>>> print(open('input.txt').read())   # compact mmCIF, C-alpha atoms
# COMPACT_ATOMS: atom_id res chain seq x y z
CA MET A 1 19.60 15.29 21.99
CA ALA A 2 22.60 14.78 24.24
CA LEU A 3 23.77 11.53 25.79
CA ALA A 4 23.94 11.37 29.58
CA GLY A 5 24.92 7.89 30.70
CA ASP A 6 22.27 5.50 29.41
CA SER A 7 19.86 8.36 28.68
CA MET A 8 19.28 10.98 26.01
CA GLN A 9 18.14 14.41 27.12
CA CYS A 10 16.90 17.46 25.23
CA GLY A 11 16.39 21.08 26.24
CA CYS A 12 12.77 20.88 25.04
CA GLY A 13 11.96 18.62 28.00
CA PHE A 14 12.22 15.16 26.51
CA SER A 15 14.27 12.56 28.32
CA PHE A 16 14.85 9.04 26.96
CA THR A 17 16.41 5.92 28.43
CA ARG A 18 17.89 3.33 26.06
CA SER A 19 16.98 -0.34 26.57
CA ASP A 20 15.65 -3.37 24.62
CA GLY A 21 16.69 -1.83 21.31
CA PHE A 22 14.72 1.42 21.67
CA ALA A 23 14.67 4.68 23.60
CA PHE A 24 11.79 5.17 26.02
CA PHE A 25 10.59 7.91 28.36
CA ARG A 26 11.78 7.85 31.94
CA ASP A 27 9.09 6.51 34.25
CA GLU A 28 9.22 9.68 36.38
CA GLY A 29 8.62 11.88 33.33
CA ASN A 30 5.20 13.28 32.60
CA HIS A 31 5.22 13.14 28.80
CA ILE A 32 3.66 9.71 28.42
CA GLU A 33 1.05 9.84 31.18
CA LYS A 34 -1.71 11.34 29.04
CA HIS A 35 -1.88 8.27 26.79
CA SER A 36 -0.53 5.55 29.10
CA ASP A 37 -3.89 3.74 29.17
CA LEU A 38 -3.93 3.68 25.37
CA ALA A 39 -0.38 2.29 25.24
CA ASP A 40 -1.43 -0.61 27.47
CA LEU A 41 -4.06 -1.72 24.92
CA TYR A 42 -1.44 -2.24 22.22
CA ASN A 43 0.56 -5.04 23.83
CA ALA A 44 2.52 -8.00 22.53
CA GLU A 45 -0.56 -10.22 22.68
CA TYR A 46 -2.37 -7.89 20.26
CA TYR A 47 0.51 -7.60 17.78
CA GLU A 48 1.14 -11.35 17.80
CA SER A 49 -2.54 -12.28 17.41
CA ALA A 50 -4.36 -13.14 14.19
CA PHE A 51 -6.14 -9.77 14.42
CA TYR A 52 -3.09 -7.74 13.48
CA ASP A 53 -2.98 -7.00 9.75
CA TYR A 54 0.19 -8.09 7.95
CA THR A 55 -1.48 -8.08 4.51
CA ASP A 56 1.22 -8.15 1.84
CA SER A 57 -0.68 -5.95 -0.62
CA ARG A 58 -1.04 -3.18 1.97
CA LEU A 59 2.63 -3.36 2.92
CA ASP A 60 3.72 -3.42 -0.72
CA THR A 61 1.71 -0.29 -1.44
CA LEU A 62 3.09 1.51 1.61
CA ILE A 63 6.66 0.70 0.59
CA THR A 64 6.06 1.80 -3.00
CA LEU A 65 4.58 5.14 -1.94
CA ALA A 66 7.23 5.75 0.74
CA LYS A 67 10.03 5.54 -1.88
CA PRO A 68 12.69 4.10 0.45
CA SER A 69 16.19 4.46 -0.97
CA LYS A 70 19.71 5.35 0.09
CA GLY A 71 19.92 8.91 1.42
CA ARG A 72 16.18 9.15 2.07
CA ARG A 73 15.04 9.66 5.68
CA ILE A 74 11.75 8.04 6.67
CA LEU A 75 9.63 8.28 9.83
CA ASP A 76 7.19 5.44 10.57
CA LEU A 77 4.79 7.21 12.91
CA GLY A 78 3.03 4.48 14.89
CA CYS A 79 5.45 1.81 13.68
CA GLY A 80 3.86 -1.12 15.55
CA PRO A 81 6.01 -4.27 15.38
CA GLY A 82 8.16 -2.76 12.64
CA GLU A 83 7.25 -4.64 9.48
CA VAL A 84 7.16 -1.46 7.34
CA ALA A 85 10.16 0.21 8.99
CA VAL A 86 12.36 -2.85 8.51
CA ARG A 87 11.45 -3.21 4.84
CA CYS A 88 12.25 0.46 4.24
CA ALA A 89 15.60 0.05 6.01
CA LYS A 90 16.46 -3.01 3.91
CA LEU A 91 15.99 -0.85 0.81
CA GLY A 92 18.65 1.58 2.03
CA ALA A 93 16.65 4.36 3.73
CA GLU A 94 17.54 5.85 7.12
CA VAL A 95 14.46 4.89 9.13
CA PHE A 96 13.07 6.12 12.43
CA GLY A 97 10.17 4.35 14.12
CA VAL A 98 8.10 5.81 16.95
CA ASP A 99 5.20 4.25 18.80
CA ILE A 100 3.23 4.83 21.97
CA ALA A 101 3.45 1.14 22.98
CA ARG A 102 6.67 -0.24 24.43
CA ASP A 103 5.69 -3.78 23.45
CA ALA A 104 5.52 -2.65 19.83
CA LEU A 105 8.97 -1.12 20.08
CA ARG A 106 10.40 -4.27 21.67
CA LEU A 107 8.95 -6.37 18.84
CA SER A 108 10.37 -3.89 16.33
CA GLY A 109 13.79 -4.16 17.95
CA ARG A 110 13.69 -7.95 17.73
CA ARG A 111 12.62 -7.79 14.09
CA CYS A 112 15.52 -5.46 13.31
CA ALA A 113 17.92 -7.86 14.99
CA ARG A 114 16.56 -10.84 13.03
CA GLU A 115 16.72 -8.97 9.71
CA GLY A 116 20.12 -7.43 10.41
CA VAL A 117 19.05 -3.81 9.81
CA ARG A 118 19.15 -0.61 11.87
CA VAL A 119 15.98 1.33 12.64
CA TRP A 120 16.11 4.12 15.23
CA LEU A 121 13.24 3.37 17.62
CA PHE A 122 11.72 5.87 20.06
CA GLU A 123 8.81 5.86 22.46
CA PHE A 124 6.20 8.44 21.47
CA ASP A 125 4.00 10.52 23.77
CA GLY A 126 1.10 10.38 21.31
CA GLU A 127 1.28 14.00 20.17
CA ARG A 128 4.80 15.44 19.87
CA VAL A 129 7.63 13.93 17.83
CA PRO A 130 11.10 14.81 19.18
CA PHE A 131 12.82 15.75 15.91
CA ARG A 132 13.79 19.03 14.28
CA ASP A 133 11.79 20.78 11.58
CA SER A 134 12.08 19.50 7.99
CA THR A 135 13.78 16.27 9.07
CA PHE A 136 11.96 13.63 7.00
CA ASP A 137 11.48 12.96 3.29
CA THR A 138 8.60 10.58 4.02
CA ILE A 139 6.31 10.13 7.01
CA ILE A 140 4.12 7.02 7.19
CA LEU A 141 0.83 6.91 9.11
CA SER A 142 -0.29 3.35 8.46
CA ASP A 143 -3.53 2.32 10.18
CA VAL A 144 -3.13 4.94 12.88
CA VAL A 145 -5.77 7.62 12.25
CA GLU A 146 -8.69 5.29 13.06
CA HIS A 147 -7.19 4.69 16.51
CA ILE A 148 -6.96 8.31 17.71
CA TYR A 149 -9.40 11.10 18.50
CA ASP A 150 -9.73 14.25 16.43
CA ASP A 151 -7.77 16.57 18.73
CA THR A 152 -4.82 14.18 18.77
CA LEU A 153 -4.98 13.67 15.00
CA ASP A 154 -4.95 17.42 14.45
CA LYS A 155 -1.77 17.72 16.53
CA LEU A 156 -0.16 14.79 14.70
CA VAL A 157 -0.90 16.26 11.27
CA ALA A 158 0.55 19.60 12.42
CA GLU A 159 3.67 17.71 13.54
CA CYS A 160 3.87 15.99 10.16
CA TYR A 161 3.79 19.38 8.42
CA ARG A 162 6.59 20.62 10.68
CA LEU A 163 8.74 17.52 10.19
CA LEU A 164 8.40 17.12 6.41
CA THR A 165 11.00 18.50 4.05
CA PRO A 166 9.63 21.04 1.53
CA ASN A 167 9.06 18.34 -1.10
CA GLY A 168 8.47 15.49 1.35
CA ARG A 169 5.38 13.30 1.42
CA LEU A 170 3.01 11.99 4.08
CA VAL A 171 1.55 8.54 3.30
CA ILE A 172 -1.67 7.55 5.08
CA HIS A 173 -3.69 4.34 5.07
CA THR A 174 -6.86 3.73 7.07
CA ALA A 175 -9.55 1.06 7.11
CA PRO A 176 -12.42 0.43 7.28
CA THR A 177 -13.86 3.71 6.05
CA LYS A 178 -16.75 5.69 7.48
CA ASN A 179 -19.06 5.62 4.44
CA ILE A 180 -18.90 1.86 3.96
CA ILE A 181 -19.48 1.26 7.68
CA LEU A 182 -22.64 3.38 7.59
CA LEU A 183 -23.88 1.76 4.37
CA SER A 184 -23.26 -1.75 5.70
CA LYS A 185 -25.35 -0.99 8.78
CA VAL A 186 -28.23 0.30 6.62
CA ILE A 187 -28.11 -2.80 4.38
CA LYS A 188 -28.04 -5.12 7.36
CA ALA A 189 -31.04 -3.41 8.97
CA ALA A 190 -33.01 -3.24 5.71
CA SER A 191 -32.43 -6.95 5.02
CA PHE A 192 -33.24 -7.93 8.64
CA GLY A 193 -29.70 -9.28 9.02
CA ARG A 194 -29.73 -11.53 5.96
CA VAL A 195 -27.14 -9.38 4.12
CA ASP A 196 -24.33 -8.61 6.53
CA PHE A 197 -21.39 -6.79 4.95
CA HIS A 198 -20.75 -5.22 8.35
CA ALA A 199 -19.42 -8.52 9.71
CA ARG A 200 -16.74 -8.53 6.99
CA LEU A 201 -15.61 -5.04 8.00
CA ILE A 202 -15.59 -5.31 11.78
CA THR A 203 -13.87 -7.75 14.13
CA PRO A 204 -15.67 -7.49 17.51
CA ALA A 205 -12.63 -8.72 19.45
CA TYR A 206 -10.67 -5.54 18.77
CA GLU A 207 -13.34 -3.08 17.67
CA HIS A 208 -12.82 -1.17 20.92
CA LEU A 209 -9.44 -0.04 19.54
CA HIS A 210 -11.12 1.91 16.74
CA VAL A 211 -12.28 5.28 18.01
CA ARG A 212 -12.89 7.16 14.74
CA TYR A 213 -13.66 6.08 11.17
CA HIS A 214 -12.72 8.43 8.36
CA SER A 215 -14.04 9.38 4.95
CA MET A 216 -12.14 11.35 2.33
CA GLU A 217 -13.90 14.49 3.51
CA SER A 218 -13.01 14.10 7.18
CA LEU A 219 -9.36 13.25 6.54
CA ARG A 220 -8.96 16.03 3.96
CA ARG A 221 -10.26 18.53 6.53
CA PHE A 222 -7.37 17.77 8.92
CA LEU A 223 -4.78 17.95 6.16
CA LYS A 224 -6.08 21.15 4.64
CA GLY A 225 -6.36 22.73 8.10
CA ASN A 226 -2.64 22.13 8.54
CA SER A 227 -1.62 23.46 5.10
CA LEU A 228 -1.04 20.07 3.48
CA ASN A 229 -2.14 19.36 -0.08
CA CYS A 230 -3.40 15.83 -0.65
CA VAL A 231 -4.47 13.25 -3.18
CA MET A 232 -6.74 10.41 -2.00
CA TRP A 233 -8.16 7.26 -3.48
CA GLY A 234 -10.17 4.28 -2.31
CA GLU A 235 -9.55 0.56 -2.55
CA PHE A 236 -11.57 -2.58 -1.83
CA ARG A 237 -10.09 -5.38 0.25
CA TYR A 238 -12.53 -6.57 2.91
CA LEU A 239 -15.37 -6.51 0.38
CA GLN A 240 -13.27 -7.42 -2.65
CA GLY A 241 -15.32 -9.47 -5.08
CA SER A 242 -18.62 -8.64 -3.39
CA ILE A 243 -21.62 -7.33 -5.25
CA LEU A 244 -21.18 -4.08 -3.37
CA GLU A 245 -17.71 -3.61 -4.88
CA LYS A 246 -18.93 -4.49 -8.38
CA LEU A 247 -21.85 -2.06 -8.11
CA SER A 248 -19.60 0.70 -6.76
CA ARG A 249 -17.17 0.31 -9.63
CA LYS A 250 -19.95 0.21 -12.21
CA LEU A 251 -21.45 3.44 -10.86
CA GLY A 252 -18.04 5.08 -10.42
CA LEU A 253 -18.40 5.22 -6.62
CA GLY A 254 -15.26 3.27 -5.75
CA ASN A 255 -13.61 6.17 -3.94
CA LEU A 256 -16.80 7.07 -2.10
CA LEU A 257 -17.74 3.58 -0.89
CA SER A 258 -14.44 1.68 -0.81
CA ASP A 259 -13.42 -0.01 2.44
CA GLN A 260 -9.79 1.22 2.35
CA LEU A 261 -8.57 4.79 2.09
CA TRP A 262 -5.15 5.87 0.81
CA CYS A 263 -3.68 9.35 0.87
CA VAL A 264 -0.47 11.08 -0.15
CA ALA A 265 -0.02 14.62 1.20
CA SER A 266 2.69 17.25 0.75
CA LYS A 267 3.49 20.90 1.37
CA GLU A 268 3.75 21.26 -2.40
CA ARG A 269 0.86 21.22 -4.82
CA LEU A 270 0.24 17.67 -6.09
CA GLU A 271 -0.56 16.97 -9.72
CA VAL A 272 -3.17 14.35 -10.57
CA LYS A 273 -2.43 12.80 -13.96
CA MET A 274 -5.28 10.25 -14.02
CA LYS A 275 -8.40 10.84 -11.96
CA ASP A 276 -9.22 7.14 -11.61
CA LYS A 277 -5.58 6.28 -10.78
CA PRO A 278 -4.31 9.36 -8.88
CA TYR A 279 -1.44 7.45 -7.28
CA LEU A 280 0.36 7.05 -10.61
CA GLY A 281 1.86 10.52 -10.25
CA PHE A 282 3.71 9.36 -7.11
CA LEU A 283 5.21 6.19 -8.52
CA GLU A 284 8.58 5.64 -10.08
CA LEU A 285 7.77 2.59 -12.15
CA PRO A 286 10.58 0.82 -13.99
CA SER A 287 10.65 0.15 -17.72
CA SER A 288 11.19 -3.54 -17.00
CA LEU A 289 8.67 -5.49 -14.91
CA ASP A 290 8.91 -9.00 -13.54
CA LEU A 291 5.22 -9.86 -13.24
CA GLY A 292 5.83 -12.25 -10.37
CA LYS A 293 7.45 -9.58 -8.22
CA CYS A 294 6.01 -6.23 -9.28
CA SER A 295 3.91 -4.10 -6.95
CA ASP A 296 0.14 -4.40 -7.10
CA LEU A 297 0.08 -0.71 -8.00
CA CYS A 298 1.56 -1.67 -11.36
CA VAL A 299 -1.34 -4.03 -12.03
CA ASN A 300 -4.41 -2.30 -13.39
CA TYR A 301 -6.76 -5.25 -13.87
CA GLY A 302 -7.05 -8.80 -15.16
CA PHE A 303 -4.10 -10.50 -13.42
CA TYR A 304 -3.93 -12.56 -10.29
CA ALA A 305 -0.70 -13.83 -8.77
CA ALA A 306 0.09 -17.52 -8.83
CA GLU A 307 1.19 -19.25 -5.65
CA GLU A 308 4.60 -19.89 -7.19
CA GLU A 309 5.05 -16.10 -7.56
CA CYS A 310 6.84 -16.61 -10.85
CA PHE A 311 4.14 -15.15 -13.10
CA ARG A 312 0.69 -13.62 -13.14
CA TRP A 313 -2.19 -15.37 -14.86
CA MET A 314 -4.59 -13.28 -16.91
CA GLY A 315 -8.10 -13.91 -18.16
CA ARG A 316 -9.38 -12.63 -21.49
CA SER A 317 -7.67 -9.26 -21.06
CA ALA A 318 -5.40 -7.54 -18.56
CA SER A 319 -3.26 -4.42 -18.22
CA ILE A 320 -0.35 -3.04 -16.24
CA PHE A 321 1.41 0.32 -15.98
CA ILE A 322 5.01 0.65 -17.10
CA THR A 323 7.37 3.58 -17.68
CA VAL A 324 8.29 4.46 -21.25
CA PRO A 325 11.82 5.97 -21.12
CA GLU A 326 13.00 8.99 -23.10
CA HIS A 327 14.83 6.82 -25.60
CA TYR A 328 13.08 3.60 -26.55
CA ASP A 329 13.05 1.14 -29.42
CA ARG A 330 10.81 -1.80 -28.71
CA LEU A 331 8.67 -3.56 -26.11
CA GLU A 332 9.28 -7.21 -25.32
CA VAL A 333 6.80 -9.47 -23.53
CA GLU A 334 7.66 -12.95 -22.29
CA LEU A 335 4.72 -15.34 -21.91
CA LEU A 336 3.21 -18.74 -22.56
CA THR A 337 -0.13 -20.51 -22.39
CA SER A 338 -1.07 -23.76 -20.70
CA ASN A 339 -4.28 -24.01 -22.72
CA PRO A 340 -4.72 -27.78 -23.28
CA TYR A 341 -6.29 -27.16 -26.70
CA VAL A 342 -3.57 -24.88 -28.07
CA ASP A 343 -2.17 -27.59 -30.39
CA HIS A 344 -5.51 -27.81 -32.21
CA SER A 345 -6.71 -24.22 -31.77
CA PRO A 346 -3.98 -21.52 -31.53
CA VAL A 347 -4.51 -18.67 -29.10
CA GLY A 348 -4.72 -15.25 -30.75
CA VAL A 349 -3.07 -12.40 -28.82
CA SER A 350 -3.24 -8.60 -29.27
CA ALA A 351 -0.89 -6.17 -27.50
CA TYR A 352 -1.39 -2.43 -26.91
CA LEU A 353 0.72 0.35 -25.39
CA ALA A 354 -0.87 3.69 -24.49
CA SER A 355 -3.91 2.69 -26.58
CA HIS A 356 -1.71 2.09 -29.65
CA LEU A 357 -1.84 -1.39 -31.20
CA LEU A 358 1.64 -2.89 -31.05
CA GLY A 359 0.75 -6.03 -32.94
CA LYS A 360 -1.06 -9.36 -33.08
CA PHE A 361 0.31 -12.89 -32.99
CA SER A 362 -0.75 -16.49 -32.39
CA ILE A 363 0.50 -19.07 -29.90
CA SER A 364 0.39 -22.67 -31.10
CA ASP A 365 2.44 -24.45 -28.42
CA LYS A 366 3.03 -24.43 -24.65
CA ASP A 367 6.61 -23.18 -24.76
CA LEU A 368 7.82 -19.93 -23.20
CA HIS A 369 8.38 -17.27 -25.89
CA LYS A 370 9.58 -13.67 -26.04
CA TYR A 371 7.67 -11.44 -28.44
CA PRO A 372 9.20 -8.10 -29.55
CA PHE A 373 7.14 -5.13 -30.79
CA LYS A 374 8.25 -1.89 -32.39
CA ILE A 375 6.92 1.04 -30.34
CA PRO A 376 5.14 3.74 -32.39
CA GLU A 377 6.96 7.08 -32.48
CA ASN A 378 3.92 8.96 -31.14
CA VAL A 379 4.02 7.11 -27.79
CA ARG A 380 5.15 9.70 -25.24
CA PRO A 381 7.71 9.00 -22.51
CA GLY A 382 6.27 8.51 -19.04
CA ILE A 383 3.89 6.06 -17.36
CA ALA A 384 1.77 4.21 -19.91
CA GLU A 385 -0.73 1.36 -19.89
CA PHE A 386 0.31 -1.93 -21.49
CA LYS A 387 -2.72 -4.06 -22.34
CA ILE A 388 -2.90 -7.58 -23.68
CA GLU A 389 -5.95 -9.51 -24.95
CA VAL A 390 -6.57 -13.11 -26.02
CA ASP A 391 -9.32 -14.54 -28.21
CA THR A 392 -9.45 -17.89 -26.40
CA THR A 393 -9.47 -18.85 -22.72
CA PHE A 394 -9.86 -22.13 -20.87
CA ILE A 395 -11.17 -23.23 -17.48
CA PRO A 396 -8.82 -25.61 -15.62
CA LYS A 397 -11.70 -27.25 -13.74
CA ASP A 398 -13.36 -28.28 -17.01
CA CYS A 399 -10.08 -29.79 -18.17
CA GLY A 400 -9.63 -31.90 -15.07
CA ILE A 401 -6.52 -29.94 -14.03
CA ASN A 402 -7.68 -28.53 -10.68
CA GLN A 403 -10.69 -26.93 -9.01
CA ASP A 404 -10.01 -23.43 -10.37
CA CYS A 405 -13.11 -22.29 -12.27
CA ARG A 406 -11.66 -19.01 -13.60
CA GLU A 407 -11.15 -18.39 -17.29
CA LEU A 408 -7.41 -18.33 -17.94
CA GLY A 409 -5.50 -17.14 -20.95
CA LEU A 410 -1.77 -16.59 -20.51
CA GLU A 411 1.07 -16.77 -18.04
CA VAL A 412 2.86 -13.44 -18.39
CA TYR A 413 6.38 -13.46 -16.97
CA ARG A 414 8.03 -10.24 -18.03
CA VAL A 415 7.37 -6.97 -19.85
CA GLU A 416 10.33 -4.78 -20.82
CA ILE A 417 10.90 -1.65 -22.89
CA VAL A 418 14.36 -1.51 -24.42
>>> encode(input="input.txt", output="structure tokens")
Amino acid sequence: MALAGDSMQCGCGFSFTRSDGFAFFRDEGNHIEKHSDLADLYNAEYYESAFYDYTDSRLDTLITLAKPSKGRRILDLGCGPGEVAVRCAKLGAEVFGVDIARDALRLSGRRCAREGVRVWLFEFDGERVPFRDSTFDTIILSDVVEHIYDDTLDKLVAECYRLLTPNGRLVIHTAPTKNIILLSKVIKAASFGRVDFHARLITPAYEHLHVRYHSMESLRRFLKGNSLNCVMWGEFRYLQGSILEKLSRKLGLGNLLSDQLWCVASKERLEVKMKDKPYLGFLELPSSLDLGKCSDLCVNYGFYAAEEECFRWMGRSASIFITVPEHYDRLEVELLTSNPYVDHSPVGVSAYLASHLLGKFSISDKDLHKYPFKIPENVRPGIAEFKIEVDTTFIPKDCGINQDCRELGLEVYRVEIV
């Protein structure tokens, strides 16, 4: 690119004009015409409506998989109003955001100004990305693939291959997924409308924006056809807690019938360390976790975050993933219980690391305590599961505390390997 007045021009034919915090195609150019009608659909009204998904858990996962850090260059392809791009920039990465909609880029520019970060924003013609080969360490395609047709997706994936560094990664999220959409329609028809999971998956007001639902098979076909290796996994969100989710997990069909689809792709071959948790191989988990702030990818099961965001409550058992460093001595866990009967009936606790019993202890008061455990020598360095179990739980509702009817055991604040 070369600057020419208020414009940027390139020998490949692209010409940008800078305004409103982003660079956009000249009106007389012909690069944007093919998808101009599509760009009009994604306007400020859409991004500022209740329909647009700002779910924290989705954003947290995207950020974790993108690995933003100083010296790392990230492309948010279809950046929307910039929530992901800005968070990556705040973590030190050099971030570029492109989108087909000028309203999205204007909102991104305003967000950057509010947050005091720099993100390079460019208008996108829907198919070609105006950067050199092997430019980016991470490319993010968050909730984009369900909005574009197959021929466009094929061109985008080919561009992603061209733009990625040799060991770079492409992170994809899409929802809802094809298999669960089809199954929900069958269930609704078979029950004569009495069981309607479909209504929890589809919002009629913006359904026209979805042109293609994907399964693992359909998305893998595009990636493989463009020489990208991939690892995929499913996740429940829209149908979280439903009988359909519970049945899918019991039968081991979570990846097949989940309503969310995640993917990490690369030019390199990707190693899967745990089939049921394939994303663990892409994480750089710390050896010290604040349970009020850690990513949901660290949490395996059993916890749910408190509104105060200072701890995570667990039920009878729960587990997280943590990194065991090369040189370690002990594991420390900081926790307490609010069990109203603890003075009369102590709570028994068992702690495990990588399936090895670390120890057992009892809690007889409501104070915050730190419990240290010697780590067995046969625990290998790397990502390991830390599990904790209690022999007694309580239900706040039965104790007149609040209306929460869940069985609660402990408030876990921190887990650290030192």
>>> closest_atom_pairs(input="input.txt", of="region 140-221 of chain A", to="region 125-135 of chain A", cutoff="7 Å", atoms="only C-alpha atoms", output="Markdown table")
| residue | atom | partner | partner_atom | distance |
| --- | --- | --- | --- | --- |
| A:Thr152 | CA | A:Glu127 | CA | 6.3 |
| A:Lys155 | CA | A:Glu127 | CA | 6.0 |
| A:Leu156 | CA | A:Glu127 | CA | 5.7 |
| A:Glu159 | CA | A:Arg128 | CA | 6.8 |
| A:Arg162 | CA | A:Asp133 | CA | 5.3 |
| A:Leu163 | CA | A:Ser134 | CA | 4.5 |
| A:Leu164 | CA | A:Ser134 | CA | 4.7 |
| A:Thr165 | CA | A:Ser134 | CA | 4.2 |
>>> closest_residue(input="input.txt", among="A:Lys370, A:His210, A:Arg114, A:Lys397", to="Leu335 (chain A)", atoms="all atoms listed in the file")
A:Lys370
>>> closest_residue(input="input.txt", among="A:Gly225, A:Gly241, A:Gly400, A:Gly252", to="Leu153 (chain A)", atoms="only C-alpha atoms")
A:Gly225
>>> residues_near_point(input="input.txt", point="(2.9, 19.9, 0.8)", cutoff="6 Å", atoms="only C-alpha atoms", output="VMD selection string")
chain A and resid 228 to 229 266 to 268
>>> residues_around(input="input.txt", residues="Asp296 (chain A)", least_positions_apart="4", cutoff="8 Å", atoms="only C-alpha atoms", output="VMD selection string")
chain A and resid 57 60 to 61
>>> residues_around(input="input.txt", residues="Ser287 (chain A)", least_positions_apart="3", cutoff="8 Å", atoms="only C-alpha atoms", output="list in words")
Ile322, Thr323, Val324, Pro325, Glu416, Ile417 and Val418 of chain A
>>> closest_residue(input="input.txt", among="A:Ser69, A:Ser288, A:Ser319, A:Ser215", to="Ala89 (chain A)", atoms="all atoms listed in the file")
A:Ser69
>>> atom_distance(input="input.txt", atom1="CA of Glu83 (chain A)", atom2="CA of Pro68 (chain A)")
13.7 Å
>>> residues_around(input="input.txt", residues="region 372-382 of chain A", least_positions_apart="3", cutoff="8 Å", atoms="only C-alpha atoms", output="PyMOL selection string")
chain A and resi 323-326+328-333+353-354+356+358-359
>>> axis_aligned_box(input="input.txt", around="region 96-111 of chain A", padding_each_side="5 Å", output="AutoDock Vina command-line options")
--center_x 8.5 --center_y -0.9 --center_z 18.4 --size_x 20.6 --size_y 24.1 --size_z 22.0
>>> closest_residue(input="input.txt", among="A:Leu141, A:Val195, A:Leu261, A:Val157", to="Lys178 (chain A)", atoms="only C-alpha atoms")
A:Leu261
>>> closest_residue(input="input.txt", among="A:Phe16, A:Tyr47, A:Phe122, A:Tyr371", to="Asp103 (chain A)", atoms="all atoms listed in the file")
A:Tyr47
>>> atom_distance(input="input.txt", atom1="CA of Ala318 (chain A)", atom2="CA of Tyr301 (chain A)")
5.4 Å
>>> closest_residue(input="input.txt", among="A:Tyr161, A:Tyr341, A:Tyr352, A:Tyr238", to="Gln260 (chain A)", atoms="only C-alpha atoms")
A:Tyr238
>>> atom_distance(input="input.txt", atom1="CA of Leu75 (chain A)", atom2="CA of Ile383 (chain A)")
27.9 Å
>>> residues_around(input="input.txt", residues="region 166-176 of chain A", least_positions_apart="3", cutoff="6 Å", atoms="all atoms listed in the file", output="list of chain:residue names")
A:Asp137, A:Thr138, A:Ile139, A:Ile140, A:Leu141, A:Ser142, A:Asp143, A:Asp259, A:Gln260, A:Leu261, A:Trp262, A:Cys263, A:Val264, A:Ala265, A:Ser266
>>> residues_around(input="input.txt", residues="Asp398 (chain A)", least_positions_apart="6", cutoff="12 Å", atoms="only C-alpha atoms", output="list in words")
Asn339, Pro340, Asp404, Cys405, Arg406, Glu407 and Leu408 of chain A
>>> build_atoms(input="input.txt", residues="region 238-252 of chain A", atoms="N, CA and C atoms", output="PDB file, in the frame of the given file")
ATOM      1  N   TYR A 238     -11.604  -5.763   2.127  1.00  0.00           N
ATOM      2  CA  TYR A 238     -12.530  -6.570   2.910  1.00  0.00           C
ATOM      3  C   TYR A 238     -13.711  -7.052   2.066  1.00  0.00           C
ATOM      4  N   LEU A 239     -14.201  -6.187   1.200  1.00  0.00           N
ATOM      5  CA  LEU A 239     -15.370  -6.510   0.380  1.00  0.00           C
ATOM      6  C   LEU A 239     -14.996  -6.782  -1.072  1.00  0.00           C
ATOM      7  N   GLN A 240     -13.725  -7.130  -1.292  1.00  0.00           N
ATOM      8  CA  GLN A 240     -13.270  -7.420  -2.650  1.00  0.00           C
ATOM      9  C   GLN A 240     -14.040  -8.603  -3.221  1.00  0.00           C
ATOM     10  N   GLY A 241     -14.560  -8.417  -4.428  1.00  0.00           N
ATOM     11  CA  GLY A 241     -15.320  -9.470  -5.080  1.00  0.00           C
ATOM     12  C   GLY A 241     -16.796  -9.493  -4.739  1.00  0.00           C
ATOM     13  N   SER A 242     -17.216  -8.670  -3.783  1.00  0.00           N
ATOM     14  CA  SER A 242     -18.620  -8.640  -3.390  1.00  0.00           C
ATOM     15  C   SER A 242     -19.446  -7.864  -4.406  1.00  0.00           C
ATOM     16  N   ILE A 243     -20.738  -8.064  -4.349  1.00  0.00           N
ATOM     17  CA  ILE A 243     -21.620  -7.330  -5.250  1.00  0.00           C
ATOM     18  C   ILE A 243     -21.589  -5.837  -4.969  1.00  0.00           C
ATOM     19  N   LEU A 244     -21.281  -5.486  -3.732  1.00  0.00           N
ATOM     20  CA  LEU A 244     -21.180  -4.080  -3.370  1.00  0.00           C
ATOM     21  C   LEU A 244     -19.985  -3.426  -4.072  1.00  0.00           C
ATOM     22  N   GLU A 245     -18.867  -4.144  -4.156  1.00  0.00           N
ATOM     23  CA  GLU A 245     -17.710  -3.610  -4.880  1.00  0.00           C
ATOM     24  C   GLU A 245     -18.018  -3.484  -6.366  1.00  0.00           C
ATOM     25  N   LYS A 246     -18.627  -4.505  -6.942  1.00  0.00           N
ATOM     26  CA  LYS A 246     -18.930  -4.490  -8.380  1.00  0.00           C
ATOM     27  C   LYS A 246     -19.885  -3.349  -8.720  1.00  0.00           C
ATOM     28  N   LEU A 247     -20.892  -3.139  -7.878  1.00  0.00           N
ATOM     29  CA  LEU A 247     -21.850  -2.060  -8.110  1.00  0.00           C
ATOM     30  C   LEU A 247     -21.170  -0.706  -7.962  1.00  0.00           C
ATOM     31  N   SER A 248     -20.300  -0.566  -6.973  1.00  0.00           N
ATOM     32  CA  SER A 248     -19.600   0.700  -6.760  1.00  0.00           C
ATOM     33  C   SER A 248     -18.724   1.056  -7.950  1.00  0.00           C
ATOM     34  N   ARG A 249     -18.039   0.059  -8.483  1.00  0.00           N
ATOM     35  CA  ARG A 249     -17.170   0.310  -9.630  1.00  0.00           C
ATOM     36  C   ARG A 249     -17.992   0.653 -10.872  1.00  0.00           C
ATOM     37  N   LYS A 250     -19.105  -0.036 -11.054  1.00  0.00           N
ATOM     38  CA  LYS A 250     -19.950   0.210 -12.210  1.00  0.00           C
ATOM     39  C   LYS A 250     -20.524   1.621 -12.189  1.00  0.00           C
ATOM     40  N   LEU A 251     -20.871   2.106 -11.000  1.00  0.00           N
ATOM     41  CA  LEU A 251     -21.450   3.440 -10.860  1.00  0.00           C
ATOM     42  C   LEU A 251     -20.392   4.523 -10.644  1.00  0.00           C
ATOM     43  N   GLY A 252     -19.111   4.113 -10.629  1.00  0.00           N
ATOM     44  CA  GLY A 252     -18.040   5.080 -10.420  1.00  0.00           C
ATOM     45  C   GLY A 252     -17.972   5.612  -9.003  1.00  0.00           C
TER      46      GLY A 252
END
